[in-house]
Every structure is written in C-alpha cells, then in structure tokens.
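Novice: Provided below: my_file.txt, containing compact mmCIF, C-alpha atoms and all ligand atoms.
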# COMPACT_ATOMS: atom_id res chain seq x y z
CA MET T 1 11.68 12.01 123.65
CA ASP T 2 9.39 10.06 126.01
CA ASN T 3 7.94 8.32 122.95
CA ASP T 4 11.34 6.70 122.54
CA ILE T 5 11.17 5.10 125.98
CA TYR T 6 9.43 1.87 126.97
CA THR T 7 8.51 1.65 130.66
CA GLU T 8 7.80 -1.64 132.40
CA GLY T 9 7.61 -1.92 136.18
CA LYS T 10 10.31 0.46 137.44
CA ALA T 11 12.56 -0.02 134.39
CA LYS T 12 12.93 2.33 131.45
CA VAL T 13 14.60 1.24 128.21
CA TYR T 14 15.04 2.88 124.81
CA LYS T 15 12.68 1.56 122.13
CA THR T 16 14.83 2.91 119.34
CA GLY T 17 17.87 0.63 119.64
CA MET T 18 18.87 -2.50 117.72
CA SER T 19 18.25 -4.86 120.63
CA PHE T 20 15.35 -7.26 120.87
CA LEU T 21 12.43 -6.09 123.01
CA ASN T 22 9.14 -7.97 123.04
CA PRO T 23 6.39 -6.21 125.01
CA ASN T 24 4.41 -9.49 124.83
CA ALA T 25 7.01 -11.11 127.10
CA ARG T 26 5.93 -8.75 129.86
CA ALA T 27 4.05 -11.54 131.69
CA SER T 28 7.22 -13.65 131.78
CA ARG T 29 9.18 -10.71 133.21
CA ASP T 30 6.45 -9.73 135.71
CA ILE T 31 6.23 -13.32 137.00
CA SER T 32 10.04 -13.57 137.18
CA VAL T 33 10.31 -10.35 139.19
CA ALA T 34 7.57 -11.63 141.52
CA PHE T 35 9.44 -14.95 141.84
CA VAL T 36 12.79 -13.32 142.71
CA LYS T 37 11.01 -11.10 145.27
CA ALA T 38 9.37 -14.20 146.76
CA LEU T 39 12.78 -15.87 147.17
CA GLY T 40 13.82 -12.98 149.45
CA VAL T 41 17.53 -13.29 148.63
CA GLY T 42 18.57 -9.66 148.09
CA LYS T 43 22.25 -10.26 148.88
CA THR T 44 22.85 -12.78 146.11
CA ALA T 45 24.59 -12.07 142.77
CA LEU T 46 22.32 -12.30 139.72
CA LEU T 47 23.33 -12.86 136.09
CA ASP T 48 21.07 -11.69 133.25
CA ALA T 49 22.81 -13.99 130.77
CA THR T 50 21.00 -12.94 127.58
CA ALA T 51 20.36 -9.29 128.36
CA ALA T 52 19.35 -7.55 125.07
CA THR T 53 17.97 -4.21 126.44
CA GLY T 54 18.77 -5.41 129.98
CA ILE T 55 15.16 -5.00 131.03
CA ARG T 56 15.11 -8.17 133.17
CA GLY T 57 18.26 -7.44 135.17
CA ILE T 58 17.23 -3.79 135.55
CA ARG T 59 13.86 -4.86 136.97
CA TYR T 60 15.43 -7.41 139.38
CA HIS T 61 17.67 -4.60 140.64
CA LEU T 62 15.02 -1.89 140.93
CA GLU T 63 12.05 -4.03 142.00
CA ALA T 64 13.34 -7.20 143.67
CA GLY T 65 16.15 -5.56 145.65
CA ILE T 66 19.01 -7.46 143.99
CA ASP T 67 22.05 -5.19 144.45
CA ASP T 68 24.61 -7.20 142.52
CA VAL T 69 23.33 -7.62 138.95
CA SER T 70 25.53 -8.53 135.94
CA PHE T 71 24.55 -8.59 132.27
CA LEU T 72 25.91 -10.54 129.29
CA GLU T 73 25.18 -9.61 125.69
CA ILE T 74 27.01 -11.14 122.74
CA ASN T 75 25.77 -8.75 120.05
CA ASP T 76 27.74 -5.49 119.74
CA ARG T 77 24.81 -3.31 118.74
CA ALA T 78 22.53 -4.75 121.44
CA TYR T 79 25.36 -4.24 123.93
CA ALA T 80 25.53 -0.53 123.00
CA ASP T 81 21.79 -0.27 123.77
CA LEU T 82 22.27 -2.15 127.02
CA ALA T 83 24.96 0.33 128.11
CA ARG T 84 22.65 3.29 127.37
CA ASN T 85 19.77 1.64 129.23
CA LEU T 86 21.88 0.90 132.31
CA ALA T 87 22.97 4.55 132.41
CA MET T 88 19.33 5.71 132.13
CA ASN T 89 18.43 3.47 135.12
CA SER T 90 21.49 4.58 137.15
CA ILE T 91 23.20 1.17 137.03
CA ARG T 92 26.98 1.12 136.71
CA GLY T 93 28.28 0.31 133.21
CA GLU T 94 30.83 -2.23 134.57
CA CYS T 95 27.92 -4.58 135.32
CA ALA T 96 27.58 -5.29 131.58
CA ILE T 97 29.92 -7.50 129.58
CA ASN T 98 29.95 -7.68 125.79
CA THR T 99 30.58 -11.39 125.44
CA SER T 100 28.91 -14.78 125.08
CA ILE T 101 27.71 -17.03 127.89
CA GLN T 102 30.20 -19.64 126.70
CA GLU T 103 33.21 -17.30 126.70
CA PHE T 104 32.25 -15.76 130.04
CA ALA T 105 31.55 -19.07 131.83
CA ASN T 106 34.91 -20.49 130.76
CA THR T 107 36.97 -17.50 131.84
CA THR T 108 35.32 -15.93 134.90
CA GLU T 109 36.02 -16.77 138.53
CA ARG T 110 32.63 -15.42 139.56
CA ASN T 111 29.51 -17.40 140.38
CA PHE T 112 25.86 -16.45 140.79
CA GLY T 113 22.99 -17.28 143.12
CA ILE T 114 20.39 -16.50 140.43
CA ILE T 115 20.73 -16.84 136.65
CA ASP T 116 18.18 -15.68 134.08
CA LEU T 117 18.44 -17.34 130.66
CA ASP T 118 16.16 -15.98 127.94
CA PRO T 119 17.69 -16.83 124.55
CA PHE T 120 16.30 -16.87 121.03
CA GLY T 121 15.02 -20.46 120.68
CA GLY T 122 16.09 -23.38 122.81
CA ILE T 123 18.13 -23.65 126.00
CA SER T 124 20.34 -26.56 125.02
CA PRO T 125 23.38 -24.54 123.78
CA TYR T 126 23.71 -22.73 127.12
CA ILE T 127 22.90 -24.97 130.09
CA TYR T 128 26.23 -26.81 130.28
CA ASP T 129 28.25 -23.59 130.45
CA LEU T 130 25.85 -21.90 132.87
CA MET T 131 26.30 -24.77 135.35
CA LYS T 132 29.94 -23.66 135.64
CA VAL T 133 28.91 -20.31 137.15
CA ILE T 134 26.23 -21.59 139.56
CA GLY T 135 26.84 -20.43 143.14
CA GLN T 136 28.26 -22.63 145.87
CA GLY T 137 25.16 -22.46 148.08
CA SER T 138 21.58 -23.04 147.06
CA SER T 139 21.15 -21.27 143.70
CA TYR T 140 18.45 -20.68 141.12
CA ILE T 141 18.12 -20.72 137.36
CA MET T 142 15.15 -19.31 135.49
CA ALA T 143 15.23 -20.46 131.87
CA THR T 144 12.96 -19.81 128.88
CA ALA T 145 12.70 -21.99 125.80
CA THR T 146 10.87 -20.72 122.70
CA ASP T 147 11.65 -23.75 120.54
CA THR T 148 8.20 -25.15 121.31
CA ALA T 149 7.88 -26.77 117.86
CA VAL T 150 10.86 -28.92 118.89
CA LEU T 151 9.78 -29.63 122.48
CA CYS T 152 6.13 -30.23 121.54
CA GLY T 153 6.89 -32.72 118.82
CA ALA T 154 6.29 -30.89 115.51
CA GLU T 155 10.04 -31.40 114.96
CA SER T 156 10.64 -34.61 116.87
CA LYS T 157 14.02 -35.42 115.27
CA ALA T 158 15.35 -32.04 116.39
CA CYS T 159 14.12 -32.82 119.92
CA LEU T 160 16.11 -36.07 119.91
CA ARG T 161 19.18 -34.19 118.66
CA LEU T 162 18.94 -31.20 121.02
CA TYR T 163 17.32 -32.64 124.15
CA ASP T 164 18.05 -36.37 123.73
CA ALA T 165 14.37 -37.08 124.29
CA MET T 166 11.30 -38.16 122.31
CA PRO T 167 8.45 -35.59 122.41
CA LEU T 168 4.73 -36.30 121.94
CA HIS T 169 2.77 -34.45 119.27
CA ASN T 170 -0.70 -34.84 120.79
CA GLU T 171 -2.88 -33.61 123.70
CA LEU T 172 0.02 -34.10 126.11
CA CYS T 173 2.56 -32.18 124.02
CA HIS T 174 2.97 -29.08 126.22
CA GLU T 175 3.49 -30.87 129.52
CA THR T 176 5.74 -33.41 127.81
CA GLY T 177 7.80 -30.57 126.29
CA MET T 178 8.05 -28.79 129.65
CA ARG T 179 9.19 -32.00 131.34
CA ILE T 180 11.68 -32.75 128.54
CA MET T 181 13.18 -29.27 128.96
CA ILE T 182 13.45 -29.72 132.75
CA GLY T 183 14.74 -33.28 132.35
CA TYR T 184 17.51 -31.96 130.10
CA MET T 185 18.50 -29.35 132.71
CA ALA T 186 18.38 -32.04 135.42
CA ARG T 187 20.75 -34.35 133.51
CA ILE T 188 23.30 -31.59 132.91
CA ALA T 189 23.00 -30.37 136.54
CA ALA T 190 23.67 -33.91 137.80
CA GLN T 191 26.91 -34.01 135.79
CA PHE T 192 28.03 -31.05 137.91
CA ASN T 193 26.99 -32.83 141.12
CA LEU T 194 23.94 -30.61 141.42
CA GLY T 195 20.39 -31.69 142.21
CA ILE T 196 17.29 -29.78 141.16
CA ARG T 197 14.02 -28.73 142.71
CA VAL T 198 11.39 -27.22 140.41
CA HIS T 199 9.60 -24.32 142.09
CA MET T 200 7.50 -23.22 139.15
CA ALA T 201 7.04 -24.16 135.48
CA LEU T 202 5.14 -22.07 132.94
CA SER T 203 3.81 -23.06 129.56
CA TYR T 204 2.46 -19.75 128.28
CA MET T 205 1.88 -18.23 124.84
CA HIS T 206 4.86 -19.22 122.67
CA TYR T 207 7.31 -20.19 125.41
CA MET T 208 8.10 -22.46 128.33
CA ARG T 209 9.88 -21.20 131.41
CA ALA T 210 11.24 -23.21 134.33
CA PHE T 211 12.19 -21.80 137.75
CA ILE T 212 14.65 -24.25 139.26
CA GLU T 213 16.68 -24.42 142.46
CA LEU T 214 20.05 -26.16 142.34
CA LYS T 215 21.58 -27.84 145.38
CA ARG T 216 25.12 -29.15 145.48
CA GLY T 217 25.91 -32.71 146.56
CA ASN T 218 25.98 -36.30 145.38
CA GLY T 219 22.75 -37.16 147.24
CA ALA T 220 20.83 -34.29 145.61
CA ALA T 221 22.22 -35.15 142.16
CA MET T 222 21.39 -38.87 142.51
CA SER T 223 17.86 -38.18 143.72
CA THR T 224 17.38 -35.85 140.71
CA VAL T 225 18.48 -38.56 138.29
CA SER T 226 16.07 -41.00 139.92
CA SER T 227 13.18 -38.62 139.11
CA LEU T 228 13.82 -38.97 135.36
CA GLY T 229 11.61 -41.33 133.40
CA TYR T 230 8.98 -41.65 130.67
CA VAL T 231 5.35 -40.93 129.84
CA GLY T 232 3.19 -43.53 128.09
CA TYR T 233 0.01 -42.45 126.27
CA CYS T 234 -2.70 -44.81 125.13
CA ASN T 235 -3.94 -43.51 121.77
CA SER T 236 -6.82 -45.93 122.04
CA CYS T 237 -8.47 -45.28 125.45
CA LYS T 238 -6.49 -42.08 126.36
CA ALA T 239 -5.04 -43.45 129.60
CA VAL T 240 -1.72 -41.90 130.68
CA TYR T 241 1.17 -43.49 132.60
CA CYS T 242 4.24 -41.71 133.95
CA ASP T 243 7.01 -43.64 135.69
CA SER T 244 10.54 -42.85 136.73
CA GLY T 245 13.26 -45.22 135.57
CA ASN T 246 15.99 -45.76 133.02
CA VAL T 247 13.68 -47.48 130.56
CA PRO T 248 9.90 -47.12 130.09
CA LYS T 249 8.30 -49.42 132.69
CA THR T 250 4.76 -49.46 131.30
CA ARG T 251 4.68 -50.28 127.59
CA ASP T 252 1.12 -51.61 127.27
CA CYS T 253 -2.07 -49.92 128.52
CA LYS T 254 -3.29 -51.46 131.77
CA ALA T 255 -6.86 -50.39 130.94
CA CYS T 256 -7.23 -51.69 127.36
CA GLY T 257 -4.02 -53.56 126.50
CA SER T 258 -3.01 -51.31 123.55
CA ARG T 259 0.65 -50.50 122.88
CA LEU T 260 1.53 -47.12 124.45
CA GLN T 261 3.16 -44.19 122.69
CA ILE T 262 6.25 -43.34 124.76
CA GLY T 263 7.70 -39.86 125.39
CA GLY T 264 10.92 -39.02 127.27
CA LYS T 265 13.31 -39.15 128.90
CA LEU T 266 11.73 -36.44 131.01
CA TRP T 267 11.31 -35.02 134.50
CA THR T 268 8.62 -37.01 136.37
CA GLY T 269 8.89 -35.06 139.65
CA SER T 270 7.06 -32.10 141.13
CA LEU T 271 6.58 -28.96 139.03
CA SER T 272 5.54 -26.62 141.81
CA ASN T 273 6.24 -25.20 145.21
CA LYS T 274 2.73 -24.13 146.15
CA SER T 275 3.57 -21.75 149.00
CA LEU T 276 6.19 -19.91 146.93
CA ILE T 277 3.76 -19.65 144.01
CA GLY T 278 1.20 -18.26 146.47
CA ASP T 279 3.71 -15.50 147.25
CA VAL T 280 4.30 -14.94 143.53
CA VAL T 281 0.55 -14.41 143.02
CA ALA T 282 0.43 -11.93 145.94
CA ASN T 283 3.51 -10.08 144.59
CA LEU T 284 1.96 -9.85 141.12
CA SER T 285 -1.11 -8.19 142.59
CA ASP T 286 1.13 -5.74 144.47
CA GLN T 287 3.06 -5.07 141.25
CA GLU T 288 -0.26 -4.24 139.56
CA ALA T 289 0.45 -6.85 136.91
CA GLU T 290 -2.20 -7.37 134.23
CA THR T 291 -5.21 -9.40 135.40
CA LYS T 292 -4.50 -12.15 132.84
CA THR T 293 -0.99 -12.57 134.30
CA VAL T 294 -2.28 -12.78 137.89
CA ASN T 295 -4.96 -15.26 136.77
CA PHE T 296 -2.40 -17.40 134.98
CA ALA T 297 -0.17 -17.53 138.07
CA ALA T 298 -3.23 -18.42 140.18
CA LEU T 299 -4.05 -21.25 137.75
CA ILE T 300 -0.56 -22.65 138.29
CA ARG T 301 -0.90 -22.28 142.07
CA ASP T 302 -4.22 -24.16 142.03
CA GLU T 303 -3.21 -26.86 139.52
CA ILE T 304 -2.67 -30.19 141.27
CA ASP T 305 0.92 -31.34 141.15
CA ILE T 306 0.47 -34.69 139.41
CA PRO T 307 2.15 -35.61 136.12
CA PHE T 308 -0.06 -35.30 133.04
CA HIS T 309 -3.73 -34.85 132.36
CA TYR T 310 -6.84 -36.21 130.66
CA SER T 311 -8.06 -34.40 127.55
CA LEU T 312 -11.86 -34.24 127.64
CA PRO T 313 -12.27 -33.66 123.86
CA ALA T 314 -9.97 -36.63 123.10
CA MET T 315 -12.06 -38.81 125.42
CA THR T 316 -15.47 -37.64 124.17
CA ARG T 317 -14.34 -38.14 120.54
CA LYS T 318 -13.32 -41.66 121.44
CA MET T 319 -16.70 -42.21 123.15
CA HIS T 320 -18.51 -40.80 120.06
CA ILE T 321 -20.36 -38.26 122.17
CA GLY T 322 -20.61 -34.46 122.05
CA SER T 323 -18.56 -32.11 124.23
CA VAL T 324 -19.31 -32.02 127.96
CA SER T 325 -19.05 -29.34 130.62
CA MET T 326 -15.65 -29.40 132.32
CA LYS T 327 -17.15 -27.99 135.51
CA SER T 328 -19.62 -30.84 135.73
CA VAL T 329 -16.84 -33.45 135.19
CA ILE T 330 -14.69 -31.77 137.86
CA ASP T 331 -17.63 -31.63 140.33
CA THR T 332 -18.40 -35.34 139.89
CA ILE T 333 -14.76 -36.43 140.35
CA GLU T 334 -14.45 -34.18 143.42
CA LYS T 335 -17.62 -35.69 144.92
CA GLU T 336 -16.03 -39.13 144.49
CA GLY T 337 -13.29 -37.91 146.85
CA TYR T 338 -10.46 -37.41 144.34
CA LYS T 339 -8.25 -34.41 143.71
CA VAL T 340 -9.00 -32.68 140.42
CA SER T 341 -8.12 -29.35 138.80
CA ARG T 342 -7.74 -27.51 135.53
CA THR T 343 -4.26 -27.35 134.02
CA GLN T 344 -2.12 -24.67 132.38
CA PHE T 345 -0.96 -27.22 129.80
CA ASP T 346 -4.29 -27.57 128.02
CA LYS T 347 -7.47 -25.58 128.57
CA ASP T 348 -9.62 -28.62 127.74
CA SER T 349 -7.89 -31.08 130.09
CA ILE T 350 -8.08 -31.98 133.76
CA LYS T 351 -5.48 -33.24 136.20
CA THR T 352 -6.68 -35.78 138.73
CA ASN T 353 -5.49 -38.65 140.88
CA ALA T 354 -8.61 -40.61 139.88
CA GLU T 355 -8.24 -43.66 137.60
CA ILE T 356 -9.41 -43.37 134.00
CA ASP T 357 -12.64 -45.32 134.73
CA CYS T 358 -13.72 -42.63 137.19
CA VAL T 359 -13.03 -39.90 134.59
CA LEU T 360 -14.99 -41.84 131.96
CA SER T 361 -18.03 -42.23 134.22
CA ALA T 362 -17.87 -38.52 135.18
CA ILE T 363 -17.91 -37.68 131.45
CA LYS T 364 -20.89 -40.00 130.87
CA LYS T 365 -22.73 -38.37 133.75
CA ALA T 366 -22.03 -34.89 132.30
CA GLN T 367 -23.62 -35.78 128.91
C1 LIG T 401 15.41 -13.03 123.39
S1 LIG T 401 16.69 -11.87 123.59
C2 LIG T 401 16.63 -11.44 125.31
C3 LIG T 401 15.43 -10.65 125.67
C4 LIG T 401 15.45 -10.05 127.05
N1 LIG T 401 15.88 -10.99 128.08
C5 LIG T 401 14.08 -9.47 127.39
O1 LIG T 401 13.38 -9.95 128.31
O2 LIG T 401 13.68 -8.51 126.70
C6 LIG T 401 18.16 -12.84 123.53
C7 LIG T 401 19.45 -12.02 123.57
O3 LIG T 401 20.53 -12.93 123.83
C8 LIG T 401 21.65 -12.53 123.05
N2 LIG T 401 22.51 -13.73 122.87
C9 LIG T 401 22.41 -14.70 121.93
N3 LIG T 401 23.36 -15.63 122.10
C10 LIG T 401 24.06 -15.28 123.21
C11 LIG T 401 25.15 -15.85 123.90
N4 LIG T 401 25.71 -17.00 123.48
N5 LIG T 401 25.61 -15.24 125.00
C12 LIG T 401 25.05 -14.06 125.44
N6 LIG T 401 24.02 -13.46 124.80
C13 LIG T 401 23.52 -14.06 123.70
C14 LIG T 401 21.05 -12.00 121.75
O4 LIG T 401 21.96 -11.14 121.09
C15 LIG T 401 19.78 -11.32 122.26
O5 LIG T 401 20.02 -9.95 122.49
ZN ZN T 402 -5.76 -47.91 126.75
Would you write the structure of this file as structure tokens?
Specialist:
Amino acid sequence: MDNDIYTEGKAKVYKTGMSFLNPNARASRDISVAFVKALGVGKTALLDATAATGIRGIRYHLEAGIDDVSFLEINDRAYADLARNLAMNSIRGECAINTSIQEFANTTERNFGIIDLDPFGGISPYIYDLMKVIGQGSSYIMATATDTAVLCGAESKACLRLYDAMPLHNELCHETGMRIMIGYMARIAAQFNLGIRVHMALSYMHYMRAFIELKRGNGAAMSTVSSLGYVGYCNSCKAVYCDSGNVPKTRDCKACGSRLQIGGKLWTGSLSNKSLIGDVVANLSDQEAETKTVNFAALIRDEIDIPFHYSLPAMTRKMHIGSVSMKSVIDTIEKEGYKVSRTQFDKDSIKTNAEIDCVLSAIKKAQ
C-alpha cells in the first residue's frame, strides 16, 4: 500500500492515479514552499490553479501555514485523484473545483492573495484570466513556463505569436526568455491597473518560474510599463545593452559599431529581492531540501541584480584563445572595484557592472 504513495515534504499523494506527477519538479515545489513561508502571510487565500495531484496546494497548507487553499483541475480523471489526495491529507473536498481557470475566473466572486500557476507548456493562455481573481491588497503570483523552446528562441515565431516578443537564440537566450515571460505578465497586469515587483526568478532544468508581487494602482501599473524595453546583443564583440523604452534605444554597438541583434519587448527591471531570497535559502535548509536545491537558491541570492551577462566562451572564441578560468576573471574584475558574480542563466557567463573592455582585459590576464 505504501508503495502506492509518494511523499514530499509533509504531503502524501497517490502515485497510481491518472494525474501528472513529476518528482523532478520537487526543487520547484520546495523553493515555492520556502517562498510562501518567507512571505509570512498565513491568513491569505491561495489558489493552486493547475492542481493535478494537488501536491503544491497540499504542501502550502501543511508546511507554509496557509489555511485557505483552493484547487482547480480541468481534467475529470485528475480531479478524481485530487479529491482522493485531499482526503488522505485531511483537507476538505470543497476546496477542489473540477473546472478550468478560464471558467472559474469568469464566474467566481472570490479573489486570492497567492496564485500558483503550473501548466503544461506556456503561461500565455492563463494570465489574463488569473488577473481577474487577484486579491485587492498586495498579492502574489508564482508562475511556471515549460515552453522554453519558444521563450529561448528555438521557435521564435511562436514567441512572437504567444508572448508578442522577439527571443534570442544565443548565449543570452535563458535570461531573455525569463524577461520575456515576466514582461508578458507585466503588460497584462498593467491592463488591470496592477504593477509588478519581481521577488525571484528561476531558470532551472526545463522550466522558468517567476515569483511576482502585484500592487494595485495607476502609479504602480505605469511604473511597471516604464520598466519594459529591449536587449541588444553584439554578435561581433559580444557587448550587451539593455534599455527600457517603447522602441530599442541602442541599435548599433557602442564598442565596435556593429548592428545589434534585438530581443524584446521584455522586463528590464530587477529580478530579485535579496533579503527575501535569503529567507528562502534558510527555509530550504530547515526543510531539509536537497543540497543541489539549496545551492541553486544560494546562487540566485548571490547573483548580482543587473540585466544580462557576458559569456566567457563566446568572448574567448572571438579572441581566438583557449578557455580561461572563470574564477580568475572574476577575481580580476573584483580587484578593479566592480561588482561581479556567476549567474543562474548560464554556467559559463558572468554578470558585472564593468564595461566590456574591463572584461576583455580580465580574460587576457587569465590566459
Ligand atoms: C503540469 S500539471 C500540474 C502539476 C502540479 N502543479 C505539480 O506540481 O505536480 C498541469 C495540470 O493543469 C491541468 N490543466 C490544464 N489546463 C487547465 C485549465 N485551463 N484550468 C485548470 N487546470 C488545467 C492539467 O489537467 C494538469 O493536471
Ligand atoms: Zn560590438
């Protein structure tokens, strides 16, 4: 009997049902539980909008102290599993509704302080309707996209169609995709007179996940729109430019004069609330999360909050030299008095506020 049950954190769900359950998404769930705990908002209502087994909502209830949890599941057979799982975890069956996000959002009078969206594929079919059930006060949405081929530019036409943005299919593809996803959420939020603040953004394994706070008001919405803009990448010297604005402001490379490759529209603002992420890391350790999950969260905490990064292999290829030690490049840039860190978006890249010339001379020195 116990062989039929999957345990994660304090939740137990049946393995034998028809609903989707991916043990590899455990890191996403562990980090999300740690995030909700770090918010410290036990009294708020939470919606697990794409529940499947219900494992996320069950964990928020049992581990993050969220009393009022609701679950949506469109698929009848998955819904039957969800009902069984709620009963096994002593959660009332009325919390679960066998319907779609779209149907629910257009008929309910309820609203939620925290929403978890974890669909198959992209987020674009759901965000508009979910904005209708966002709470009146400060509220949060945690959203996962697994359509990384679209967001990272392998299917750029689909990205234009679904996210109204041009992706990049190069060294910057993951951060560009993450910022396109957040930019899309920001544009829809602004239509509902909501502004966004990004507390945390993960690009991990096969998915991207954004943890976003929504604040009501024209001022918040306008300031969100003014943080949208474009990235420009120089395929020749590898310089990167990122500016807010309605049209790309920098079209030619200031370092070498080449025409830039433009990505966007996208979110150019902050991707992290460092003190909250510090709490997430501490909570993950308390939750006895896997070491690789704690390390990944620590990497995000320590990553400097500057748009985009320099790819060392792209630069050394361009310089016709062999690979160099990242540690040595980081040490040299730090000694010059600049901020510099590794980045979750590419293991071979660095983020820094130094100009490209400083990065190039640090690479030469590391040879
Ligand atoms: C990737 S699974 C969710 C996995 C789950 N959150 C977890 O962590 O294990 C997505 C679920 O959303 C459901 N779904 C798809 N479209 C939906 C919609 N429009 N409204 C509500 N649920 C939907 C699917 O039936 C599926 O069970
Ligand atoms: Zn250039």
Novice: Using all atoms listed in the file, can you tell me which of T:Leu160, T:Cys242, T:Ile31, T:Thr16 comes closest to T:Asp4?
Specialist: T:Thr16
Novice: Which distance in Å separates atom CA of T:Arg251 and atom CA of T:Ser203, to one decimal?
Specialist: 27.3 Å
Novice: Using only C-alpha atoms and all ligand atoms, which residues of the polymer chains come no farther than 6 Å from ligand LIG 401 (chain T)? I'd like the answer as a list in words.
Specialist: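 I would give the residues around ligand LIG 401 (chain T) as Ser19, Phe20, Leu21, Asn22, Ala49, Thr50, Ala51, Ala52, Ile55, Arg56, Leu72, Glu73, Ile74, Asn75, Ala78, Ser100, Ile101, Asp118, Pro119 and Phe120 of chain T.
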Novice: Give me, as a list of chain:residue names, the set of residues whose atoms come within 9 Å of any atom of ligand ZN 402 (chain T), counting only C-alpha atoms and all ligand atoms.
Specialist: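 Every residue with an atom at most 9 Å from ligand ZN 402 (chain T) is listed here: T:Tyr233, T:Cys234, T:Asn235, T:Ser236, T:Cys237, T:Lys238, T:Ala239, T:Val240, T:Asp252, T:Cys253, T:Lys254, T:Ala255, T:Cys256, T:Gly257, T:Ser258, T:Arg259, T:Leu260.
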Novice: Determine the nearest neighbour of T:Ile212 from the options T:Ala149, T:Ile115, T:Val324, T:Ala154, counting all atoms listed in the file.
Specialist: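 Checking each candidate against T:Ile212, we get T:Ile115 as the closest.
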Novice: Which one is closest to T:Ala64: T:Tyr79, T:Tyr184, T:Phe345, T:Phe35? Count only C-alpha atoms.
Specialist: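 Ranking T:Tyr79, T:Tyr184, T:Phe345, T:Phe35 by distance to T:Ala64, first place goes to T:Phe35.
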Novice: Take atom CA of T:Ala362 and atom CA of T:Lys335 and report the distance between them in Å, one decimal.
Specialist: 10.1 Å
Novice: With only C-alpha atoms as the counted atoms, please give the residues lying no more than 10 Å from T:Ile363, apart from itself and same-chain residues fewer than 2 positions off, as a list in words.
Specialist: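 Near T:Ile363, the qualifying residues are Leu312, Met315, Thr316, Met319, Ile321, Ser323, Val324, Ser325, Met326, Ser328, Val329, Ile330, Thr332, Ile333, Asp357, Cys358, Val359, Leu360, Ser361, Lys365, Ala366 and Gln367 of chain T.
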Novice: Between atom CA of T:Gly57 and atom CA of T:Cys95, measure the distance and give it in Å to one decimal.
Specialist: 10.1 Å
Novice: In terms of the shortest atom-to-atom distance over only C-alpha atoms, which of T:Arg26, T:Arg77, T:Leu162, T:Asn111 is closest to T:Asn98?
Specialist: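 The answer is T:Arg77, which sits nearest to T:Asn98.
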Novice: With distances taken over only C-alpha atoms, which of T:His61, T:Arg29, T:Lys43, T:Arg317 is nearest to T:Glu290?
Specialist: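 That would be T:Arg29, the residue with the smallest distance to T:Glu290.
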Novice: List the spatial neighbours of T:Asp164 as a ChimeraX atom specification - criterion: any atom at most 12 Å away, all atoms listed in the file, same-chain residues fewer than 2 positions off excluded.
Specialist: /T:124,150-151,156-162,166-167,180-181,183-185,187-188,263-266
Novice: So, counting all atoms listed in the file, which residue among T:Leu130, T:Ala282, T:Leu117, T:Ala314 is closest to T:Ala143?
Specialist: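 Checking each of T:Leu130, T:Ala282, T:Leu117, T:Ala314 against T:Ala143, counting all atoms listed in the file, the winner is T:Leu117.
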Novice: Using all atoms listed in the file, which residues sit within 8 Å of T:Met208 once same-chain residues fewer than 2 positions away are excluded, as number ranges by chain?
Specialist: T: 144-146, 148, 178, 201-204, 206, 210
Novice: Determine, counting all atoms listed in the file, every residue of protein, DNA or RNA that lies within 10 Å of (7.9, -18.5, 147.8) in the file coordinates, then give the result as a list in words.
Specialist: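 Protein, DNA and RNA residues close to (7.9, -18.5, 147.8): Ala34, Phe35, Val36, Lys37, Ala38, Leu39, Gly40, His199, Met200, Asn273, Lys274, Ser275, Leu276, Ile277, Gly278, Asp279, Val280 and Val281 of chain T.
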